[in-house]
Amino acid sequence: MQSSEEKVVAVIMVGGPTKGTRFRPLSFNNLKPLFPLAGQPMVHHPISACKRIPNLAQIFLIGFYEERELSLYVSSVSNELKVPIRYLKEDKPHGSAGGLYYFRDVIMEDAPSHIFLLNCDVCCTFPLPDMLVEHKRYGGMGTVLVIKVSAESANQFGELVADPITNELLHYIEKPETFVCKGPKVSDLINCGVYVFTPDIFNAIQDVSTHREDRASLRRVSSFEALQSATRTHHPMDFVRLDQDILSPLAGKKQLYTYETADFWEQIKTPGMSLKCSSLYLSQFRYTSPHLLASGDGTKSATILGDVYIHPSAKVHPTAKIGPNVSISANVRIGAGVRLTNCIILDDVEIKENAVIIHAIVGWKSFIGKWSRVQARLVTAEGDYNAKLGIAIIGESVTVEDEVVVINSIVLPNKTLNDSVQDEIIL
């Protein structure tokens with residue numbers, strides 16, 4: 001029988017409908033956390049990673065989507081993975097740390113000794129068991145997953161300095177305007193948005209709110225200061241940000257430590273990044289879930305090149321050529337001679353004979369006609385995945401007629417394309 005102090009819980013922040021606006025048009029009618037990457041919902045990847053944590057008692061999803069929007073998925077994945085999963089709906093945004101604190105009584109029901117906190121829109125290998133081992137060895141309140149990036153891109157994320165010997169978090173700043181110095185060079189360590197804490201994190205969050213209340217009651221302001229204060233945007237007392245309100249003040253106080261990963265890591269903020277992250281997860285399947293990858297040599301089934309996921313309900317013609325880096329969702333129909341490369345094909349799409357799709361996302365219930373072509377420009381720079389027109393996107397229920405070419409364009413839902421387009425957003 002496991003003792004109560006051994007139990008671990010995991011919390012995954014999933015956001016809500018006011019978030020993820022950069023993910024449009026793919027999030028117009030569908031929840032971003034349920035968007036499929038490598039054939040599985042975005043949130044499924046961190047959930048699956050949490051399942052590998054020793055003595056895991058429960059997984060909580062926190063956000064402000066309506067419960068009915070996630071209930072079916074939560075029930076399904078909980079039964080599939082044989083682990084209790086609950087969705088907790090915030091009544092209003094409380095911030096990344098405030099949301100954790102708001103549900104503290106529910107989270108602590110099993111009296112866990114450790115609490116993992118993950119962001120849903122993070123793509124990585126989630127080395128959670130190893131991270132927990134190191135966290136216990138450090139003996140601090142919290143451990144942050146970090147990764148090295150180029151110095152030039154570091155200031156786009158939460159940038160930090162860690163002690164090279166002890167791995168203590170010495171300095172933290174969220175998206176700095178200037179680089180954080182680390183000796184003679186700039187910092188190249190960034191926050192990955194994955195954490196493990198002891199329950200002491202709740203005391204730290206409470207201290208932030210208490211300090212704000214004390215400051216508000218004791219402050220004496222002149223009429224000029226009052227005027228200035230009235231023009232500023234102030235967060236409510238219970239709105240607490242993990243980065244700015246917890247990590248930054250506690251850095252250098254022997255309470256926070258870092259665990260560095262050498263594997264891949266990305267943030268999934270745009271449709272282009274979802275395409276890249278789907279590719280990363282497909283490559284990971286070679287080692288974690290090889291049974292999910294398709295195979296075929298063009299005799300009895302389609303020719304498969306590289307990492308490809310095909311849903312069991314999809315129908316793919318044997319003369320089609322698929323891959324590398326392709327994910328095909330449920331009830332998709334792919335005709336003869338179709339060529340798919342580096343793309344995500346969503347539920348109920350039909351792709352007719354000899355169509356070509358390269359570096360693109362084709363939305364739910366869309367139709368791609370014969371000899372049509374949907375593609376982005378040749379991608380040579382990493383940043384193109386984050387550009388508004390970095391890939392081709394076909395929205396939900398779009399019809400692309402026969403022999404129409406769509407290059408580097410975004411087509412919003414419920415449109416019919418009779419003519420070819422390039423570098424356009426079709427409203």
# chains A, B, ... in the order shown; residues from 1 in each chain; ligands from 1

call {"tool": "residues_around", "arguments": {"residues": "A:Thr261", "least_positions_apart": "2", "cutoff": "10 Å", "atoms": "only C-alpha atoms", "output": "list of chain:residue names"}}
result
A:Cys124, A:Thr125, A:Phe126, A:Pro127, A:Met131, A:Leu145, A:Val146, A:Ile147, A:Lys148, A:Cys192, A:Thr258, A:Tyr259, A:Asp263, A:Phe264, A:Trp265

call {"tool": "select_by_dssp", "arguments": {"residues": "stretch 16-121 of chain A", "states": "alpha helix (DSSP H)", "output": "NGL selection string"}}
result
:A and (44-51 or 67-81 or 96-102 or 104-107)

call {"tool": "residues_around", "arguments": {"residues": "A:His114", "least_positions_apart": "6", "cutoff": "7 Å", "atoms": "only C-alpha atoms", "output": "ChimeraX atom specification"}}
result
/A:8-9,196-199

call {"tool": "write_last_selection", "arguments": {"atoms": "N, CA, C and O atoms", "output": "PDB file, in the first residue's frame"}}
result
ATOM      1  N   VAL A   8       1.534  11.681  -6.059  1.00  0.00           N
ATOM      2  CA  VAL A   8       1.837  12.821  -6.932  1.00  0.00           C
ATOM      3  C   VAL A   8       0.582  13.128  -7.745  1.00  0.00           C
ATOM      4  O   VAL A   8      -0.129  12.215  -8.165  1.00  0.00           O
ATOM      5  N   VAL A   9       0.303  14.412  -7.935  1.00  0.00           N
ATOM      6  CA  VAL A   9      -0.773  14.813  -8.837  1.00  0.00           C
ATOM      7  C   VAL A   9      -0.182  15.698  -9.927  1.00  0.00           C
ATOM      8  O   VAL A   9       0.896  16.285  -9.762  1.00  0.00           O
ATOM      9  N   VAL A 196       7.615  21.109 -11.347  1.00  0.00           N
ATOM     10  CA  VAL A 196       7.185  20.241 -10.256  1.00  0.00           C
ATOM     11  C   VAL A 196       7.430  21.008  -8.953  1.00  0.00           C
ATOM     12  O   VAL A 196       8.475  21.641  -8.775  1.00  0.00           O
ATOM     13  N   PHE A 197       6.423  20.987  -8.085  1.00  0.00           N
ATOM     14  CA  PHE A 197       6.472  21.735  -6.828  1.00  0.00           C
ATOM     15  C   PHE A 197       6.110  20.826  -5.659  1.00  0.00           C
ATOM     16  O   PHE A 197       5.415  19.809  -5.826  1.00  0.00           O
ATOM     17  N   THR A 198       6.541  21.236  -4.476  1.00  0.00           N
ATOM     18  CA  THR A 198       5.977  20.698  -3.243  1.00  0.00           C
ATOM     19  C   THR A 198       4.733  21.527  -2.923  1.00  0.00           C
ATOM     20  O   THR A 198       4.527  22.610  -3.502  1.00  0.00           O
ATOM     21  N   PRO A 199       3.884  21.073  -2.003  1.00  0.00           N
ATOM     22  CA  PRO A 199       2.699  21.864  -1.642  1.00  0.00           C
ATOM     23  C   PRO A 199       3.019  23.250  -1.080  1.00  0.00           C
ATOM     24  O   PRO A 199       2.113  24.089  -0.974  1.00  0.00           O
TER      25      PRO A 199
END

call {"tool": "residues_around", "arguments": {"residues": "stretch 90-103 of chain A", "least_positions_apart": "2", "cutoff": "8 Å", "atoms": "only C-alpha atoms", "output": "list in words"}}
result
Val11, Met13, Ile62, Gly63, Phe64, Leu88, Asp105, Val106, Ile107, Phe202, Ile205, Gln206, Asp238, Phe239, Val240, Arg241, Leu242 and Ile246 of chain A

call {"tool": "closest_atom_pairs", "arguments": {"of": "stretch 12-115 of chain A", "to": "stretch 281-292 of chain A", "cutoff": "10 Å", "atoms": "only C-alpha atoms", "output": "JSON lines"}}
result
{"residue": "A:Leu37", "atom": "CA", "partner": "A:Tyr281", "partner_atom": "CA", "distance": 7.3}
{"residue": "A:Ala38", "atom": "CA", "partner": "A:Leu282", "partner_atom": "CA", "distance": 5.5}
{"residue": "A:Gly39", "atom": "CA", "partner": "A:Leu282", "partner_atom": "CA", "distance": 8.8}
{"residue": "A:Gln40", "atom": "CA", "partner": "A:Tyr281", "partner_atom": "CA", "distance": 9.6}
{"residue": "A:His45", "atom": "CA", "partner": "A:Tyr281", "partner_atom": "CA", "distance": 8.6}

call {"tool": "write_last_selection", "arguments": {"atoms": "all heavy atoms", "output": "CSV table (one decimal), in the first residue's frame"}}
result
chain,number,residue,atom,x,y,z
A,37,LEU,N,-2.4,16.4,-32.9
A,37,LEU,CA,-1.0,16.4,-33.3
A,37,LEU,C,-0.5,15.0,-33.4
A,37,LEU,O,-0.6,14.3,-32.4
A,37,LEU,CB,-0.1,17.2,-32.3
A,37,LEU,CG,-0.5,18.6,-32.0
A,37,LEU,CD1,0.4,19.2,-30.9
A,37,LEU,CD2,-0.4,19.5,-33.3
A,38,ALA,N,0.0,14.5,-34.5
A,38,ALA,CA,0.3,13.1,-34.7
A,38,ALA,C,-0.8,12.2,-34.4
A,38,ALA,O,-0.7,11.1,-33.8
A,38,ALA,CB,1.6,12.8,-33.8
A,39,GLY,N,-2.0,12.7,-34.8
A,39,GLY,CA,-3.2,11.9,-34.6
A,39,GLY,C,-3.8,11.8,-33.2
A,39,GLY,O,-4.9,11.2,-33.0
A,40,GLN,N,-3.3,12.6,-32.3
A,40,GLN,CA,-3.8,12.6,-30.9
A,40,GLN,C,-4.0,14.0,-30.5
A,40,GLN,O,-3.3,14.9,-30.9
A,40,GLN,CB,-2.8,11.9,-29.9
A,40,GLN,CG,-2.6,10.4,-30.3
A,40,GLN,CD,-1.6,9.8,-29.3
A,40,GLN,OE1,-0.7,10.5,-28.8
A,40,GLN,NE2,-1.7,8.5,-29.2
A,45,HIS,N,-0.9,14.5,-25.3
A,45,HIS,CA,0.6,14.2,-25.2
A,45,HIS,C,1.1,14.5,-23.8
A,45,HIS,O,1.7,13.6,-23.2
A,45,HIS,CB,1.3,15.0,-26.2
A,45,HIS,CG,1.0,14.6,-27.6
A,45,HIS,ND1,1.5,13.5,-28.2
A,45,HIS,CD2,0.1,15.1,-28.5
A,45,HIS,CE1,1.0,13.3,-29.5
A,45,HIS,NE2,0.2,14.3,-29.7
